[in-house]
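Q: Quick one: the structure is below, and I'll ask about it shortly.
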Amino acid sequence: MSSNADAGGHSPSETDIPAGVSGPQLPHVGVVLVTHNRPELMRRALDSILTQDYPGPITVHVVHDRCALDFGLVRQDPFREVRVQENSRTPGLAGARNTGIVSSVTQLVAFCDDDDSWFPGKLRLQTIALLQVPGAAFASTAMVVDYGAHTAVRLAGSKAIRHEDLLRSRMSMVHSSSFLADREALIGIGMVDETIPNSMCEDWDLLLRATRHGAIVNVDQPLIRVQWGGSSYFYQQWEVKNVAHMWMLDHHQDIRTNGVGAGRVYGQLAFGHAALGQRRAALRWAGRSIRANWREPRAVLALAVATGVVSDKRVLDSLQRRGHGI
C-alpha cells in the first residue's frame, strides 16, 4: 500500500463534505506531534500532516520532550501552520501531549506519534464522519502496520467503538495516531493521564474514559501507517508493560469483571513475567488468565515461554509480522 494514495480506495470528493459546509468553514484542527530525539521520523510524520487533502485549516504543535527545539520547523501559513514548543508538563509522552492540547485553541485536536504517518485522506474522512454523528466527541481510524519488511492491515470491523468493546480488547488497531477529538470534550474527559507509569497504555486509558461518555466514531479504513519493532520506545520493555497493566487493572476495575478482558490482561502479565524469566509469577498469572477465560491464547504462550519451549522474542516476532502484539 502506497502512502501516496488515499487509503481504502476512497477518492477525494467534495460530496463527502456535509451540505452547507465549505472548506473554510470546516473545523480548525490542531495536531499534537510529540517528538523525542527522532528528527528524521518526525519530519516524515509532519510532512504527512501538512499534505492532508483536508480543505480546512490545520495547526501542528510539534512538542519536543526532553530534546532540543527545532525552530526550523516553524511555518506561518494560516491553513498549514507549524508551531514548535517544549514540553512544559510532566516529562514523557502524556505530559507532552497535554502541553499541545492546552496550547491549541482549535475546535478539534488530533494526535500523531513521531514514528507514524497519515494517509492523505485521513483527516478529511475522519472529520466528516465526526460531523455526521450529532454529539460525537471522539473519532478513530484503522491502520497499516509496518514491522520490518512485513506489512499488515488492522481493521476494527465496526463504525463505532463502545466501552464494552474496549473492556474485552485493547483493540490495538485503534491507535493513538488516529485519535481526533473535540478539544473541549477531551479536556472534560480529562486529557491524557500523566500518572500512568512511563505513559504506557495511556491511549487505552483515554479510550476507556472517553467511551463512558459515548461511542467513538470509527472510520474503518487504514488511514494511518504505524511503525512497530525497534522504533517503538516500549518494544520488549516487559517490566514497564507489567507495571502499566497493573495500573490499568487498578484504575479500571471493570476490566476485572469482564472475563474476556481480564483473561487478556492477566495473560499479558503472564507473558511479561515469563519474558523476564520470572517463572513463578508467570505461572500464577497464566493460571488466573485461564480461570478468567480458558480460551485466552496469551496464557498458553506465556506457559510456553516460561517452560522454555519457545523464546519471547520468537513469539513476538511471529505476532508482529501479522500486525498483532501481546
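Identifiers for the C-alpha cells are assigned positionally: chains receive A, B, ... in sequence, residues are indexed from 1 per chain, and ligands are indexed from 1 in the order shown.
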Using DSSP on the backbone, list every residue of segment 98-233 of chain A that comes out as alpha helix (DSSP H), and give them as a PyMOL selection string.
A: chain A and resi 98-103+122-131+163-168+183-189+202-211
Q: Give me the residues near segment 256-271 of chain A as a list in words, where near means some atom within 7 Å (using only C-alpha atoms) and where sequence neighbours in that chain fewer than 2 positions away do not count.
A: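 Near segment 256-271 of chain A, the qualifying residues are Leu167, Arg168, Ser169, Asn242, His245, Leu249, Gln253, Asp254, His273, Ala274, Ala275, Ala281, Ala282, Leu283, Trp285, Ala286, Arg288, Ser289, Ile290, Ala292, Asn293, Glu296, Arg298, Ala299, Leu301, Ala302 and Ile326 of chain A.
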Q: Env of Arg80 of chain A: 9 Å cut, atoms = only C-alpha atoms, seq-sep filter 4 positions within chain, self excluded. Answer as a CSV table (one decimal) with all heavy atoms, in the first residue's frame.
A:
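The resulting file, selection-v6.csv, is shown below:
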```
chain,number,residue,atom,x,y,z
A,49,ILE,N,1.2,15.2,7.7
A,49,ILE,CA,0.1,16.0,8.2
A,49,ILE,C,-0.1,17.2,7.4
A,49,ILE,O,-1.2,17.6,7.0
A,49,ILE,CB,0.5,16.5,9.7
A,49,ILE,CG1,0.6,15.2,10.6
A,49,ILE,CG2,-0.6,17.4,10.2
A,49,ILE,CD1,1.2,15.6,12.0
A,50,LEU,N,1.0,17.9,6.9
A,50,LEU,CA,0.9,19.1,6.1
A,50,LEU,C,0.3,18.8,4.7
A,50,LEU,O,-0.2,19.7,4.1
A,50,LEU,CB,2.2,19.8,6.1
A,50,LEU,CG,2.8,20.3,7.4
A,50,LEU,CD1,4.2,20.8,7.2
A,50,LEU,CD2,1.9,21.3,8.0
A,51,THR,N,0.4,17.6,4.3
A,51,THR,CA,0.0,17.3,2.9
A,51,THR,C,-1.4,16.6,2.9
A,51,THR,O,-1.8,16.0,1.9
A,51,THR,CB,1.0,16.4,2.2
A,51,THR,OG1,1.2,15.2,3.0
A,51,THR,CG2,2.3,17.1,1.9
A,57,PRO,N,-8.4,24.5,7.9
A,57,PRO,CA,-7.0,24.8,8.4
A,57,PRO,C,-6.5,23.8,9.4
A,57,PRO,O,-7.3,23.2,10.2
A,57,PRO,CB,-7.3,26.2,9.1
A,57,PRO,CG,-8.8,26.1,9.5
A,57,PRO,CD,-9.4,25.3,8.4
A,58,ILE,N,-5.2,23.6,9.4
A,58,ILE,CA,-4.5,22.7,10.4
A,58,ILE,C,-3.4,23.5,11.0
A,58,ILE,O,-2.6,24.2,10.3
A,58,ILE,CB,-3.9,21.5,9.6
A,58,ILE,CG1,-5.1,20.7,8.9
A,58,ILE,CG2,-3.2,20.6,10.6
A,58,ILE,CD1,-4.5,19.6,8.0
A,59,THR,N,-3.3,23.4,12.3
A,59,THR,CA,-2.1,23.9,13.1
A,59,THR,C,-1.4,22.8,13.8
A,59,THR,O,-2.1,22.1,14.6
A,59,THR,CB,-2.6,25.0,14.1
A,59,THR,OG1,-3.1,26.1,13.4
A,59,THR,CG2,-1.3,25.5,14.9
A,60,VAL,N,-0.2,22.6,13.5
A,60,VAL,CA,0.6,21.5,14.1
A,60,VAL,C,1.4,22.0,15.2
A,60,VAL,O,2.2,23.0,15.1
A,60,VAL,CB,1.5,20.8,13.1
A,60,VAL,CG1,2.2,19.6,13.7
A,60,VAL,CG2,0.7,20.4,11.8
A,75,ARG,N,6.4,27.2,10.6
A,75,ARG,CA,5.7,27.5,9.4
A,75,ARG,C,4.5,28.4,9.6
A,75,ARG,O,3.6,28.1,10.4
A,75,ARG,CB,5.3,26.3,8.6
A,75,ARG,CG,4.6,26.5,7.3
A,75,ARG,CD,4.4,25.1,6.6
A,75,ARG,NE,3.5,25.2,5.5
A,75,ARG,CZ,3.4,24.3,4.5
A,75,ARG,NH1,4.1,23.2,4.7
A,75,ARG,NH2,2.6,24.4,3.5
A,76,GLN,N,4.6,29.6,9.0
A,76,GLN,CA,3.5,30.6,9.2
A,76,GLN,C,2.6,30.6,8.0
A,76,GLN,O,2.8,31.4,7.1
A,76,GLN,CB,4.1,32.0,9.5
A,76,GLN,CG,4.9,32.0,10.8
A,76,GLN,CD,5.5,33.4,11.1
A,76,GLN,OE1,5.6,34.2,10.2
A,76,GLN,NE2,5.9,33.6,12.3
```
Q: Looking at A:Val174, A:Ile196, A:Val82, A:Ala136, which one is nearest to Gly157 of chain A, with distances taken over only C-alpha atoms?
A: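 Answer, going by the shortest atom-to-atom distance: A:Val174.
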Q: So how far away is atom CA of Thr127 of chain A from atom CA of Tyr54 of chain A, in Å?
A: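 Atom-to-atom, atom CA of Tyr54 of chain A and atom CA of Thr127 of chain A are spaced 8.8 Å apart.
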Q: Mind giving me the straight-line distance from atom CA of Glu81 of chain A to atom CA of His61 of chain A in Å, one decimal?
A: 8.7 Å
Q: Rank nothing, just name the residue among A:Trp238, A:Trp294, A:Phe111, A:Trp204 nearest to Lys313 of chain A, using only C-alpha atoms.
A: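 Answer, going by the shortest atom-to-atom distance: A:Trp238.
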Q: What's around Glu86 of chain A at 10 Å? Count only C-alpha atoms, leave out sequence neighbours fewer than 5 positions away in its own chain, and write the answer as a ChimeraX atom specification.
A: /A:34-35,61-70,96,99-100
Q: Atom CA of Cys112 of chain A to atom CA of Gly272 of chain A: how many Å, to one decimal?
A: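 Rounded to one decimal, the two atoms are 27.1 Å apart.
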Q: Env of segment 40-48 of chain A: 10 Å cut, atoms = only C-alpha atoms, seq-sep filter 3 positions within chain, self excluded. Answer as a PyMOL selection string.
A: chain A and resi 3-4+31+33-37+51-52+60-62+73+82+112-120+122+224-225+231
Q: From segment 105-277 of chain A, collect each residue whose DSSP state is strand (DSSP E) and return the set as a count of residues only.
A: 40
Q: Using only C-alpha atoms, which of the listed residues (A:Met173, A:Val309, A:Leu166, A:Ala139) sits closest to Leu125 of chain A?
A: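 When distances to Leu125 of chain A are compared using only C-alpha atoms, the smallest one comes from A:Ala139.
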